[in-house]
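model17.pdb follows; it contains PDB, C-alpha atoms.
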```
ATOM      1  CA  MET W 940       0.000   0.000   0.000
ATOM      2  CA  SER W 941       1.301   3.414  -0.909
ATOM      3  CA  ASP W 942       1.978   5.943   1.825
ATOM      4  CA  HIS W 943       0.878   8.678  -0.525
ATOM      5  CA  VAL W 944      -2.281  10.460   0.659
ATOM      6  CA  CYS W 945      -4.463  11.828  -2.092
ATOM      7  CA  GLN W 946      -5.113  15.517  -1.661
ATOM      8  CA  PRO W 947      -8.424  16.882  -2.881
ATOM      9  CA  GLU W 948      -8.180  19.268  -5.758
ATOM     10  CA  PRO W 949      -8.649  22.887  -4.708
ATOM     11  CA  VAL W 950     -12.167  24.172  -5.228
ATOM     12  CA  ALA W 951     -12.418  27.335  -7.250
ATOM     13  CA  PRO W 952     -14.137  30.218  -5.467
ATOM     14  CA  TRP W 953     -17.815  30.611  -6.231
ATOM     15  CA  PRO W 954     -18.375  33.392  -8.738
ATOM     16  CA  GLU W 955     -19.934  36.529  -7.281
ATOM     17  CA  GLU W 956     -22.859  36.329  -9.668
ATOM     18  CA  MET W 957     -24.128  33.263  -7.772
ATOM     19  CA  PHE W 958     -24.956  35.453  -4.770
ATOM     20  CA  VAL W 959     -27.644  38.066  -4.367
ATOM     21  CA  GLN W 960     -26.308  41.300  -2.940
ATOM     22  CA  HIS W 961     -28.591  43.641  -1.017
ATOM     23  CA  ARG W 962     -30.882  45.262  -3.541
ATOM     24  CA  SER W 963     -30.518  48.904  -4.460
ATOM     25  CA  PHE W 964     -33.573  51.103  -4.617
ATOM     26  CA  ALA W 965     -35.138  51.014  -8.098
ATOM     27  CA  GLY W 966     -32.559  48.424  -9.175
ATOM     28  CA  LEU W 967     -29.997  51.148  -9.820
ATOM     29  CA  GLU W 968     -26.372  50.384 -10.544
ATOM     30  CA  SER W 969     -23.081  52.258 -10.309
ATOM     31  CA  PRO W 970     -22.352  55.112 -10.747
ATOM     32  CA  TYR W 971     -25.840  56.174  -9.610
ATOM     33  CA  THR W 972     -25.618  54.093  -6.412
ATOM     34  CA  ASP W 973     -22.156  55.229  -5.316
ATOM     35  CA  LEU W 974     -22.427  56.558  -1.778
ATOM     36  CA  GLN W 975     -19.797  59.246  -2.221
ATOM     37  CA  GLN W 976     -21.480  60.826  -5.250
ATOM     38  CA  ALA W 977     -25.182  60.147  -4.638
ATOM     39  CA  LYS W 978     -27.239  63.061  -3.343
ATOM     40  CA  THR W 979     -29.873  60.782  -1.778
ATOM     41  CA  VAL W 980     -29.351  57.879   0.626
ATOM     42  CA  ILE W 981     -32.022  55.258   1.379
ATOM     43  CA  LEU W 982     -31.785  54.070   5.009
ATOM     44  CA  PRO W 983     -33.881  50.920   5.678
ATOM     45  CA  VAL W 984     -34.667  50.355   9.381
ATOM     46  CA  PRO W 985     -36.633  47.119  10.041
ATOM     47  CA  TYR W 986     -37.821  47.662  13.625
ATOM     48  CA  ASP W 987     -41.312  47.406  15.175
ATOM     49  CA  ALA W 988     -40.833  46.480  18.830
ATOM     50  CA  THR W 989     -43.457  48.913  20.223
ATOM     51  CA  SER W 990     -46.275  48.247  17.746
ATOM     52  CA  GLU W 991     -49.582  48.006  19.622
ATOM     53  CA  TRP W 992     -51.968  46.239  17.264
ATOM     54  CA  GLN W 993     -50.922  44.668  13.948
ATOM     55  CA  GLY W 994     -47.163  44.279  13.732
ATOM     56  CA  GLY W 995     -45.023  43.596  10.705
ATOM     57  CA  SER W 996     -43.711  47.052   9.830
ATOM     58  CA  ARG W 997     -40.209  45.602  10.248
ATOM     59  CA  HIS W 998     -40.824  43.950   6.875
ATOM     60  CA  GLY W 999     -41.790  47.266   5.272
ATOM     61  CA  PRO W1000     -38.367  48.570   4.171
ATOM     62  CA  GLN W1001     -37.446  45.452   2.226
ATOM     63  CA  ALA W1002     -40.896  45.205   0.638
ATOM     64  CA  ILE W1003     -40.628  48.795  -0.615
ATOM     65  CA  ILE W1004     -37.133  48.218  -2.003
ATOM     66  CA  ASP W1005     -38.244  44.962  -3.653
ATOM     67  CA  ALA W1006     -41.235  46.680  -5.283
ATOM     68  CA  SER W1007     -39.055  49.584  -6.425
ATOM     69  CA  GLN W1008     -37.287  47.245  -8.853
ATOM     70  CA  TYR W1009     -40.305  47.665 -11.146
ATOM     71  CA  LEU W1010     -40.461  51.466 -11.182
ATOM     72  CA  GLU W1011     -40.179  53.347 -14.449
ATOM     73  CA  LEU W1012     -37.097  55.498 -13.903
ATOM     74  CA  TYR W1013     -38.505  58.242 -16.113
ATOM     75  CA  ASP W1014     -41.110  60.190 -14.124
ATOM     76  CA  LEU W1015     -43.935  61.343 -16.380
ATOM     77  CA  ASP W1016     -45.262  64.103 -14.095
ATOM     78  CA  LEU W1017     -41.827  65.640 -13.548
ATOM     79  CA  ASP W1018     -40.560  64.886 -17.073
ATOM     80  CA  ARG W1019     -37.298  63.793 -15.471
ATOM     81  CA  ASP W1020     -35.052  60.812 -14.776
ATOM     82  CA  ILE W1021     -34.977  61.347 -11.013
ATOM     83  CA  TYR W1022     -32.306  58.703 -10.368
ATOM     84  CA  LYS W1023     -29.628  60.635 -12.253
ATOM     85  CA  ALA W1024     -28.920  62.748  -9.148
ATOM     86  CA  GLY W1025     -27.815  59.491  -7.501
ATOM     87  CA  ILE W1026     -29.648  57.266  -4.995
ATOM     88  CA  ALA W1027     -27.478  55.081  -2.752
ATOM     89  CA  THR W1028     -29.120  52.283  -0.751
ATOM     90  CA  LEU W1029     -27.586  51.228   2.556
ATOM     91  CA  PRO W1030     -27.942  47.684   3.941
ATOM     92  CA  GLN W1031     -30.727  47.194   6.477
ATOM     93  CA  VAL W1032     -29.907  48.534   9.929
ATOM     94  CA  GLU W1033     -29.496  45.833  12.574
ATOM     95  CA  PRO W1034     -32.308  46.286  15.140
ATOM     96  CA  LEU W1035     -31.591  46.688  18.842
ATOM     97  CA  LEU W1036     -34.181  45.041  21.082
ATOM     98  CA  SER W1037     -32.742  46.274  24.388
ATOM     99  CA  SER W1038     -35.030  49.347  24.460
ATOM    100  CA  PRO W1039     -36.724  51.817  22.105
ATOM    101  CA  GLN W1040     -34.302  54.504  23.319
ATOM    102  CA  ASP W1041     -31.313  52.429  22.211
ATOM    103  CA  MET W1042     -32.803  51.932  18.751
ATOM    104  CA  ILE W1043     -33.638  55.633  18.459
ATOM    105  CA  ASN W1044     -30.043  56.458  19.402
ATOM    106  CA  ARG W1045     -28.766  54.074  16.727
ATOM    107  CA  VAL W1046     -30.889  55.847  14.109
ATOM    108  CA  TYR W1047     -29.626  59.203  15.394
ATOM    109  CA  GLN W1048     -25.986  58.146  14.972
ATOM    110  CA  LEU W1049     -26.530  56.850  11.446
ATOM    111  CA  VAL W1050     -28.558  59.809  10.226
ATOM    112  CA  GLU W1051     -26.217  62.312  11.877
ATOM    113  CA  GLY W1052     -23.297  60.832   9.948
ATOM    114  CA  LEU W1053     -25.206  61.041   6.667
ATOM    115  CA  VAL W1054     -26.375  64.610   7.247
ATOM    116  CA  HIS W1055     -22.792  65.556   8.095
ATOM    117  CA  LYS W1056     -21.887  64.277   4.607
ATOM    118  CA  GLU W1057     -24.634  66.541   3.208
ATOM    119  CA  LYS W1058     -26.814  63.641   2.083
ATOM    120  CA  PHE W1059     -30.560  63.817   1.613
ATOM    121  CA  VAL W1060     -31.792  60.989   3.835
ATOM    122  CA  VAL W1061     -34.859  58.873   3.107
ATOM    123  CA  MET W1062     -35.559  56.564   6.039
ATOM    124  CA  LEU W1063     -37.803  53.559   5.402
ATOM    125  CA  GLY W1064     -39.342  52.135   8.579
ATOM    126  CA  GLY W1065     -40.232  50.311  10.593
ATOM    127  CA  GLU W1066     -42.336  51.890  13.251
ATOM    128  CA  HIS W1067     -42.845  55.597  13.870
ATOM    129  CA  SER W1068     -40.682  55.834  16.999
ATOM    130  CA  LEU W1069     -37.632  55.747  14.697
ATOM    131  CA  SER W1070     -38.445  59.239  13.419
ATOM    132  CA  LEU W1071     -37.303  60.730  16.727
ATOM    133  CA  GLY W1072     -33.713  59.656  16.034
ATOM    134  CA  ALA W1073     -33.795  61.168  12.555
ATOM    135  CA  VAL W1074     -35.282  64.448  13.771
ATOM    136  CA  ARG W1075     -32.649  64.753  16.504
ATOM    137  CA  ALA W1076     -29.912  64.411  13.897
ATOM    138  CA  PHE W1077     -31.429  66.984  11.542
ATOM    139  CA  LYS W1078     -32.084  69.368  14.430
ATOM    140  CA  ASP W1079     -28.340  69.365  15.197
ATOM    141  CA  HIS W1080     -27.620  70.624  11.676
ATOM    142  CA  PHE W1081     -30.692  72.826  11.168
ATOM    143  CA  PRO W1082     -31.395  74.643  14.477
ATOM    144  CA  ASP W1083     -34.642  76.211  13.197
ATOM    145  CA  LEU W1084     -36.016  72.881  11.965
ATOM    146  CA  SER W1085     -39.764  72.296  11.847
ATOM    147  CA  VAL W1086     -41.425  68.920  11.290
ATOM    148  CA  LEU W1087     -44.351  68.175   9.003
ATOM    149  CA  GLN W1088     -46.194  65.068  10.190
ATOM    150  CA  LEU W1089     -48.614  63.394   7.779
ATOM    151  CA  ASP W1090     -50.494  60.859   9.880
ATOM    152  CA  ALA W1091     -53.923  59.498  10.752
ATOM    153  CA  HIS W1092     -53.002  59.649  14.449
ATOM    154  CA  ALA W1093     -51.619  62.380  16.684
ATOM    155  CA  ASP W1094     -49.001  60.159  18.436
ATOM    156  CA  LEU W1095     -48.882  62.711  21.271
ATOM    157  CA  ARG W1096     -49.274  60.512  24.333
ATOM    158  CA  ASP W1097     -46.737  61.253  27.037
ATOM    159  CA  GLU W1098     -46.411  57.547  27.884
ATOM    160  CA  TYR W1099     -47.985  54.394  26.509
ATOM    161  CA  LEU W1100     -47.580  50.742  27.496
ATOM    162  CA  GLY W1101     -44.825  51.637  29.971
ATOM    163  CA  THR W1102     -42.569  53.689  27.694
ATOM    164  CA  LYS W1103     -42.259  57.339  26.671
ATOM    165  CA  TYR W1104     -40.452  56.339  23.472
ATOM    166  CA  GLY W1105     -42.930  54.118  21.654
ATOM    167  CA  GLN W1106     -44.681  54.975  18.426
ATOM    168  CA  ALA W1107     -47.715  56.382  20.258
ATOM    169  CA  CYS W1108     -45.469  58.982  21.951
ATOM    170  CA  VAL W1109     -43.091  59.900  19.142
ATOM    171  CA  MET W1110     -44.598  63.270  18.230
ATOM    172  CA  ARG W1111     -44.768  64.309  21.893
ATOM    173  CA  ARG W1112     -41.002  63.764  22.102
ATOM    174  CA  ILE W1113     -40.418  65.532  18.783
ATOM    175  CA  HIS W1114     -42.605  68.440  19.914
ATOM    176  CA  GLU W1115     -40.189  68.856  22.830
ATOM    177  CA  LEU W1116     -37.396  69.405  20.280
ATOM    178  CA  CYS W1117     -38.932  71.608  17.592
ATOM    179  CA  PRO W1118     -42.234  72.861  16.130
ATOM    180  CA  VAL W1119     -44.506  70.181  14.674
ATOM    181  CA  LEU W1120     -47.323  70.641  12.162
ATOM    182  CA  GLN W1121     -49.755  67.719  12.005
ATOM    183  CA  VAL W1122     -51.746  67.088   8.836
ATOM    184  CA  GLY W1123     -54.320  64.403   8.096
ATOM    185  CA  VAL W1124     -55.123  63.486  11.714
ATOM    186  CA  ARG W1125     -58.492  61.824  12.169
ATOM    187  CA  SER W1126     -58.082  59.865  15.417
ATOM    188  CA  LEU W1127     -56.711  60.845  18.823
ATOM    189  CA  SER W1128     -57.248  60.199  22.524
ATOM    190  CA  ARG W1129     -58.809  62.609  25.031
ATOM    191  CA  GLU W1130     -55.356  63.024  26.602
ATOM    192  CA  GLU W1131     -53.941  64.093  23.247
ATOM    193  CA  LYS W1132     -56.837  66.483  22.605
ATOM    194  CA  GLN W1133     -56.223  68.120  25.991
ATOM    195  CA  PHE W1134     -52.508  68.441  25.208
ATOM    196  CA  LEU W1135     -53.248  70.121  21.882
ATOM    197  CA  THR W1136     -55.527  72.598  23.631
ATOM    198  CA  GLN W1137     -53.018  73.242  26.414
ATOM    199  CA  GLU W1138     -50.172  73.881  23.943
ATOM    200  CA  LYS W1139     -52.402  75.892  21.573
ATOM    201  CA  LEU W1140     -51.601  73.499  18.738
ATOM    202  CA  ARG W1141     -54.001  73.208  15.807
ATOM    203  CA  PRO W1142     -53.579  70.223  13.488
ATOM    204  CA  PHE W1143     -54.973  70.190   9.986
ATOM    205  CA  TYR W1144     -57.545  67.457  10.463
ATOM    206  CA  MET W1145     -58.854  65.556   7.457
ATOM    207  CA  SER W1146     -62.118  67.469   7.844
ATOM    208  CA  ASP W1147     -60.157  70.729   7.423
ATOM    209  CA  LEU W1148     -58.570  69.510   4.210
ATOM    210  CA  ALA W1149     -61.947  68.504   2.797
ATOM    211  CA  ALA W1150     -63.652  71.772   3.714
ATOM    212  CA  ASN W1151     -61.007  74.362   2.829
ATOM    213  CA  THR W1152     -59.538  74.694  -0.638
ATOM    214  CA  GLY W1153     -56.820  77.003   0.738
ATOM    215  CA  SER W1154     -55.489  74.425   3.190
ATOM    216  CA  ILE W1155     -52.294  73.656   1.286
ATOM    217  CA  GLN W1156     -51.153  77.276   1.293
ATOM    218  CA  ARG W1157     -51.925  77.503   5.013
ATOM    219  CA  ILE W1158     -49.882  74.357   5.615
ATOM    220  CA  VAL W1159     -46.922  75.855   3.773
ATOM    221  CA  ASP W1160     -47.241  79.151   5.632
ATOM    222  CA  SER W1161     -47.267  77.333   8.999
ATOM    223  CA  LEU W1162     -43.854  75.729   8.458
ATOM    224  CA  GLY W1163     -40.367  77.120   8.981
ATOM    225  CA  GLU W1164     -37.802  77.335   6.223
ATOM    226  CA  ASP W1165     -36.085  73.986   6.977
ATOM    227  CA  VAL W1166     -38.549  71.088   7.106
ATOM    228  CA  TYR W1167     -38.264  67.397   7.904
ATOM    229  CA  VAL W1168     -41.260  65.334   6.753
ATOM    230  CA  THR W1169     -42.408  62.223   8.580
ATOM    231  CA  ILE W1170     -45.109  60.219   6.807
ATOM    232  CA  ASP W1171     -46.977  57.517   8.682
ATOM    233  CA  VAL W1172     -48.483  55.799   5.671
ATOM    234  CA  ASP W1173     -51.802  55.282   7.470
ATOM    235  CA  VAL W1174     -52.442  58.929   6.547
ATOM    236  CA  LEU W1175     -53.588  57.464   3.229
ATOM    237  CA  ASP W1176     -57.085  56.103   2.924
ATOM    238  CA  PRO W1177     -57.238  52.350   3.619
ATOM    239  CA  SER W1178     -58.892  51.845   0.239
ATOM    240  CA  ILE W1179     -55.440  52.405  -1.294
ATOM    241  CA  MET W1180     -53.254  51.664   1.765
ATOM    242  CA  PRO W1181     -54.729  48.866   3.914
ATOM    243  CA  ALA W1182     -51.255  47.538   4.783
ATOM    244  CA  VAL W1183     -50.791  49.391   8.081
ATOM    245  CA  GLY W1184     -50.890  48.483  11.745
ATOM    246  CA  THR W1185     -53.737  50.836  12.703
ATOM    247  CA  PRO W1186     -55.904  51.733   9.686
ATOM    248  CA  GLU W1187     -58.341  54.643   9.894
ATOM    249  CA  PRO W1188     -61.150  55.416   7.404
ATOM    250  CA  ASP W1189     -61.475  58.738   5.570
ATOM    251  CA  GLY W1190     -57.809  59.227   4.711
ATOM    252  CA  MET W1191     -55.891  61.115   2.055
ATOM    253  CA  SER W1192     -55.925  60.228  -1.589
ATOM    254  CA  TRP W1193     -52.741  59.763  -3.580
ATOM    255  CA  ARG W1194     -53.288  63.114  -5.287
ATOM    256  CA  GLN W1195     -53.941  65.005  -2.030
ATOM    257  CA  LEU W1196     -50.683  63.754  -0.570
ATOM    258  CA  LEU W1197     -48.705  64.634  -3.689
ATOM    259  CA  ASP W1198     -50.257  68.104  -3.928
ATOM    260  CA  ILE W1199     -49.256  68.883  -0.325
ATOM    261  CA  MET W1200     -45.720  67.591  -0.749
ATOM    262  CA  GLU W1201     -45.163  69.278  -4.092
ATOM    263  CA  SER W1202     -46.158  72.645  -2.648
ATOM    264  CA  VAL W1203     -44.076  72.217   0.508
ATOM    265  CA  ALA W1204     -41.035  71.208  -1.545
ATOM    266  CA  LEU W1205     -41.519  74.152  -3.880
ATOM    267  CA  HIS W1206     -41.639  76.769  -1.117
ATOM    268  CA  LYS W1207     -39.537  75.248   1.688
ATOM    269  CA  HIS W1208     -36.182  73.511   2.127
ATOM    270  CA  VAL W1209     -37.103  69.882   2.757
ATOM    271  CA  VAL W1210     -34.032  68.319   4.389
ATOM    272  CA  GLY W1211     -35.197  64.697   4.491
ATOM    273  CA  PHE W1212     -38.225  62.469   4.956
ATOM    274  CA  ASP W1213     -39.334  59.086   6.193
ATOM    275  CA  LEU W1214     -42.033  56.546   5.337
ATOM    276  CA  VAL W1215     -43.043  54.507   8.379
ATOM    277  CA  GLU W1216     -45.671  52.059   9.669
ATOM    278  CA  PHE W1217     -46.020  50.058   6.450
ATOM    279  CA  SER W1218     -46.950  46.442   7.257
ATOM    280  CA  PRO W1219     -46.859  44.598   3.929
ATOM    281  CA  GLY W1220     -48.552  41.488   5.318
ATOM    282  CA  GLN W1221     -51.764  43.431   5.905
ATOM    283  CA  GLY W1222     -52.419  44.280   2.258
ATOM    284  CA  PRO W1223     -51.758  43.482  -1.396
ATOM    285  CA  SER W1224     -48.414  43.940  -3.142
ATOM    286  CA  SER W1225     -49.742  47.093  -4.786
ATOM    287  CA  CYS W1226     -49.214  48.874  -1.427
ATOM    288  CA  ALA W1227     -45.451  48.303  -1.570
ATOM    289  CA  PHE W1228     -45.326  49.596  -5.130
ATOM    290  CA  LEU W1229     -47.372  52.670  -4.213
ATOM    291  CA  LEU W1230     -44.853  53.546  -1.486
ATOM    292  CA  ALA W1231     -41.876  52.881  -3.752
ATOM    293  CA  LYS W1232     -43.367  55.281  -6.276
ATOM    294  CA  LEU W1233     -44.143  57.784  -3.513
ATOM    295  CA  ALA W1234     -40.549  57.704  -2.277
ATOM    296  CA  TYR W1235     -39.222  58.152  -5.805
ATOM    297  CA  ARG W1236     -41.592  61.044  -6.542
ATOM    298  CA  LEU W1237     -40.756  62.791  -3.257
ATOM    299  CA  ILE W1238     -37.054  62.520  -4.050
ATOM    300  CA  GLY W1239     -37.884  64.162  -7.377
ATOM    301  CA  TYR W1240     -39.728  66.989  -5.625
ATOM    302  CA  THR W1241     -36.999  67.650  -3.069
ATOM    303  CA  VAL W1242     -33.620  66.747  -4.606
ATOM    304  CA  PRO W1243     -32.705  68.830  -7.660
ATOM    305  CA  SER W1244     -31.027  67.301 -10.650
ATOM    306  CA  ASP W1245     -27.564  68.591 -11.552
ATOM    307  CA  ARG W1246     -29.135  70.830 -14.197
ATOM    308  CA  ASN W1247     -31.745  72.223 -11.785
ATOM    309  CA  ALA W1248     -29.122  72.768  -9.102
ATOM    310  CA  ALA W1249     -26.963  74.720 -11.552
ATOM    311  CA  GLU W1250     -29.917  76.857 -12.574
ATOM    312  CA  ALA W1251     -30.834  77.515  -8.919
ATOM    313  CA  GLY W1252     -27.291  78.679  -8.228
ATOM    314  CA  ARG W1253     -27.303  81.333 -10.930
TER     315      ARG W1253
END
```

Can I see the file as structure tokens?
Amino acid sequence: MSDHVCQPEPVAPWPEEMFVQHRSFAGLESPYTDLQQAKTVILPVPYDATSEWQGGSRHGPQAIIDASQYLELYDLDLDRDIYKAGIATLPQVEPLLSSPQDMINRVYQLVEGLVHKEKFVVMLGGEHSLSLGAVRAFKDHFPDLSVLQLDAHADLRDEYLGTKYGQACVMRRIHELCPVLQVGVRSLSREEKQFLTQEKLRPFYMSDLAANTGSIQRIVDSLGEDVYVTIDVDVLDPSIMPAVGTPEPDGMSWRQLLDIMESVALHKHVVGFDLVEFSPGQGPSSCAFLLAKLAYRLIGYTVPSDRNAAEAGR
């Protein structure tokens, strides 16, 4: 018998094309996805630890990114290829389950770093509590920041289910940082109503939007120059957006939401926005596509192309 031991032949490395990398928003490729050059950064945050009723918003960011693969990159309404200003997509943020405060702090650190690099940040949640971390970061860079909240609910409780940092309290905490304008509210608790009265705050309820054709101009006039927009997607009517944790009837239409955002972006400096509280398991796949298209359109409203930026600088 030979003492020679047969050695297995070396196995060639698997080619990279056999693996699926994390998907970029809208299926974009380099150079439009390069983080250093892109004006916009998509930040997916799959976290929903304080959801009270129907969970699943942790699956929202990936569902939106998956649906965005089927967007037409040419936007008919804007007559523009929005992606050409660059849209980088970060990997999903690892959730922290130790406490809502810890997760909010993680979001703050990530967004602060991106804002420091002068990026336009689009955060995809996840639950609404995450918006507090983003607002804190933007407030550091824009001291006169105001926040536009599009939401079916006020989210102004001081404490709920044993925490002051859950999604039901997020706008109370943000109100402690900077002015907040609420639009689309159609459900709130007696405690929240009393707080609004005490603080002399006046939301634009859905009934106001239906009754007053001048509401959009009043919304614009009520905001400061630098605006962060937080959109709880249950602001939309459940006939087009049933995939939320706490649906409310009598919500905004697609066109109402776009008209508000187009006007705000035209007259104010929108520094970033988020889409939160999307629970894809509660509705059809069309909901994910609607939000992918919404994100893309809002980037088009708020982030100028190179040509538009050059014209604005003249």

Identify, on the basis of only C-alpha atoms, every residue whose closest approach to Leu967 in chain W does not exceed 9 Å; exclude the query and any residue fewer than 6 positions from it along the same chain; express the result as a VMD selection string.
chain W and resid 1008 1022 1025 to 1027

How close does range 985-1015 of chain W get to range 1183-1187 of chain W? List, as CSV, each residue of range 985-1015 of chain W within 12 Å, its nearest atom pair and the distance in Å to one decimal, counting only C-alpha atoms.
```
residue,atom,partner,partner_atom,distance
W:Asp987,CA,W:Gly1184,CA,10.2
W:Thr989,CA,W:Gly1184,CA,11.3
W:Ser990,CA,W:Gly1184,CA,7.6
W:Glu991,CA,W:Gly1184,CA,8.0
W:Trp992,CA,W:Gly1184,CA,6.1
W:Gln993,CA,W:Gly1184,CA,4.4
W:Gly994,CA,W:Gly1184,CA,6.0
W:Gly995,CA,W:Gly1184,CA,7.7
W:Ser996,CA,W:Gly1184,CA,7.6
W:Arg997,CA,W:Gly1184,CA,11.2
W:His998,CA,W:Val1183,CA,11.4
W:Gly999,CA,W:Val1183,CA,9.7
```

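For the choices W:Phe964, W:Thr979, W:His1092, W:Val1159, the atom-to-atom distance to Ala1006 in chain W is smallest for W:Phe964 when using all atoms listed in the file.
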
Put the listed atoms of range 1184-1189 of chain W in a box along x, y and z with 8 Å added on every side and give me the centre and edge lengths in Å to one decimal, as AutoDock Vina command-line options.
```
--center_x -56.2 --center_y 53.6 --center_z 9.1 --size_x 26.6 --size_y 26.3 --size_z 23.1
```

Could you list, with a cut-off of 12 Å and counting all atoms listed in the file, the residues of range 1116-1145 of chain W near range 1095-1105 of chain W, each shown with its nearest atom pair and the distance in Å rounded to one decimal, rows sorted by chain and ascending number, as a Markdown table?
```
| residue | atom | partner | partner_atom | distance |
| --- | --- | --- | --- | --- |
| W:Val1119 | CA | W:Leu1095 | CA | 10.9 |
| W:Gln1121 | CA | W:Leu1095 | CA | 10.6 |
| W:Val1124 | CA | W:Leu1095 | CA | 11.4 |
| W:Ser1126 | CA | W:Leu1095 | CA | 11.3 |
| W:Leu1127 | CA | W:Leu1095 | CA | 8.4 |
| W:Ser1128 | CA | W:Arg1096 | CA | 8.2 |
| W:Arg1129 | CA | W:Arg1096 | CA | 9.8 |
| W:Glu1130 | CA | W:Arg1096 | CA | 7.0 |
| W:Glu1131 | CA | W:Leu1095 | CA | 5.6 |
| W:Lys1132 | CA | W:Leu1095 | CA | 8.9 |
| W:Gln1133 | CA | W:Leu1095 | CA | 10.3 |
| W:Phe1134 | CA | W:Leu1095 | CA | 7.8 |
| W:Leu1135 | CA | W:Leu1095 | CA | 8.6 |
| W:Glu1138 | CA | W:Leu1095 | CA | 11.6 |
| W:Leu1140 | CA | W:Leu1095 | CA | 11.4 |
| W:Pro1142 | CA | W:Leu1095 | CA | 11.8 |
```

Could you jot down the CA of Val980 in chain W to CA of Val1054 in chain W separation for me, Å, one decimal place?
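Calculated distance between CA of Val980 in chain W and CA of Val1054 in chain W is 9.9 Å.
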
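Shortest atom-to-atom contact with Ile1021 in chain W among W:Ala1076, W:Met1042, W:Leu1049, W:Ala977: W:Ala977, counting only C-alpha atoms.
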
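Put simply, CA of Leu1197 in chain W is 21.5 Å away from CA of Lys978 in chain W.
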
Point out the residue among W:Gln1106, W:Thr1136, W:Thr1169, W:Asn1044 with the least atom-to-atom distance to Gln1088 in chain W, counting only C-alpha atoms.
W:Thr1169

Mind pulling up the distance from CA of Leu1237 in chain W to CA of Asp1090 in chain W?
16.5 Å

Go through W:Ala1182, W:Val1086, W:Leu1120, W:Val984 and flag the residue nearest Gln1221 in chain W, using all atoms listed in the file for the distances.
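Residue with the minimum atom-to-atom distance to Gln1221 in chain W: W:Ala1182.
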
I need the residue set behind the PyMOL selection byres ((chain W and resi 1216) around 8) for this file; please write it as a PDB file with C-alpha atoms, keeping the file's coordinate frame.
```pdb
ATOM      1  CA  SER W 996     -43.711  47.052   9.830  1.00  0.00           C
ATOM      2  CA  GLY W 999     -41.790  47.266   5.272  1.00  0.00           C
ATOM      3  CA  GLY W1064     -39.342  52.135   8.579  1.00  0.00           C
ATOM      4  CA  GLY W1065     -40.232  50.311  10.593  1.00  0.00           C
ATOM      5  CA  GLU W1066     -42.336  51.890  13.251  1.00  0.00           C
ATOM      6  CA  HIS W1067     -42.845  55.597  13.870  1.00  0.00           C
ATOM      7  CA  ASP W1171     -46.977  57.517   8.682  1.00  0.00           C
ATOM      8  CA  VAL W1172     -48.483  55.799   5.671  1.00  0.00           C
ATOM      9  CA  ASP W1173     -51.802  55.282   7.470  1.00  0.00           C
ATOM     10  CA  VAL W1183     -50.791  49.391   8.081  1.00  0.00           C
ATOM     11  CA  GLY W1184     -50.890  48.483  11.745  1.00  0.00           C
ATOM     12  CA  LEU W1214     -42.033  56.546   5.337  1.00  0.00           C
ATOM     13  CA  VAL W1215     -43.043  54.507   8.379  1.00  0.00           C
ATOM     14  CA  PHE W1217     -46.020  50.058   6.450  1.00  0.00           C
ATOM     15  CA  SER W1218     -46.950  46.442   7.257  1.00  0.00           C
TER      16      SER W1218
END
```

May I have the residues within 8 Å of Ile1199 in chain W as a ChimeraX atom specification, using all atoms listed in the file and disregarding those fewer than 4 positions away in the same chain?
/W:1155,1195,1203

What residues have an atom no more than 9 Å from (-28.4, 61.5, 13.1) in the file's own frame, counting all atoms listed in the file, and can you write them as a ChimeraX atom specification?
/W:1044-1055,1072-1079

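Nearest-residue note for Leu1035 in chain W: choosing from W:Glu1115, W:Phe1143, W:Trp1193, W:Leu1069, the minimum distance belongs to W:Leu1069, counting all atoms listed in the file.
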
Pick the closest to Asp1014 in chain W from W:Gly1222, W:Pro1118, W:Gly1239, W:Gly1211: which is it, counting only C-alpha atoms?
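So, comparing all the options, the nearest one is W:Gly1239.
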
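Under the PyMOL selection byres ((chain W and resi 1061) around 7), the matching residues in the shown file are W:Val980, W:Ile981, W:Leu982, W:Phe1059, W:Val1060, W:Met1062, W:Leu1063, W:Gly1211, W:Phe1212, W:Asp1213.
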
So which residues get picked by the PyMOL selection byres ((chain W and resi 1002) around 9) here, written as a PyMOL selection string?
chain W and resi 998-1001+1003-1007+1219+1224+1227-1228+1231
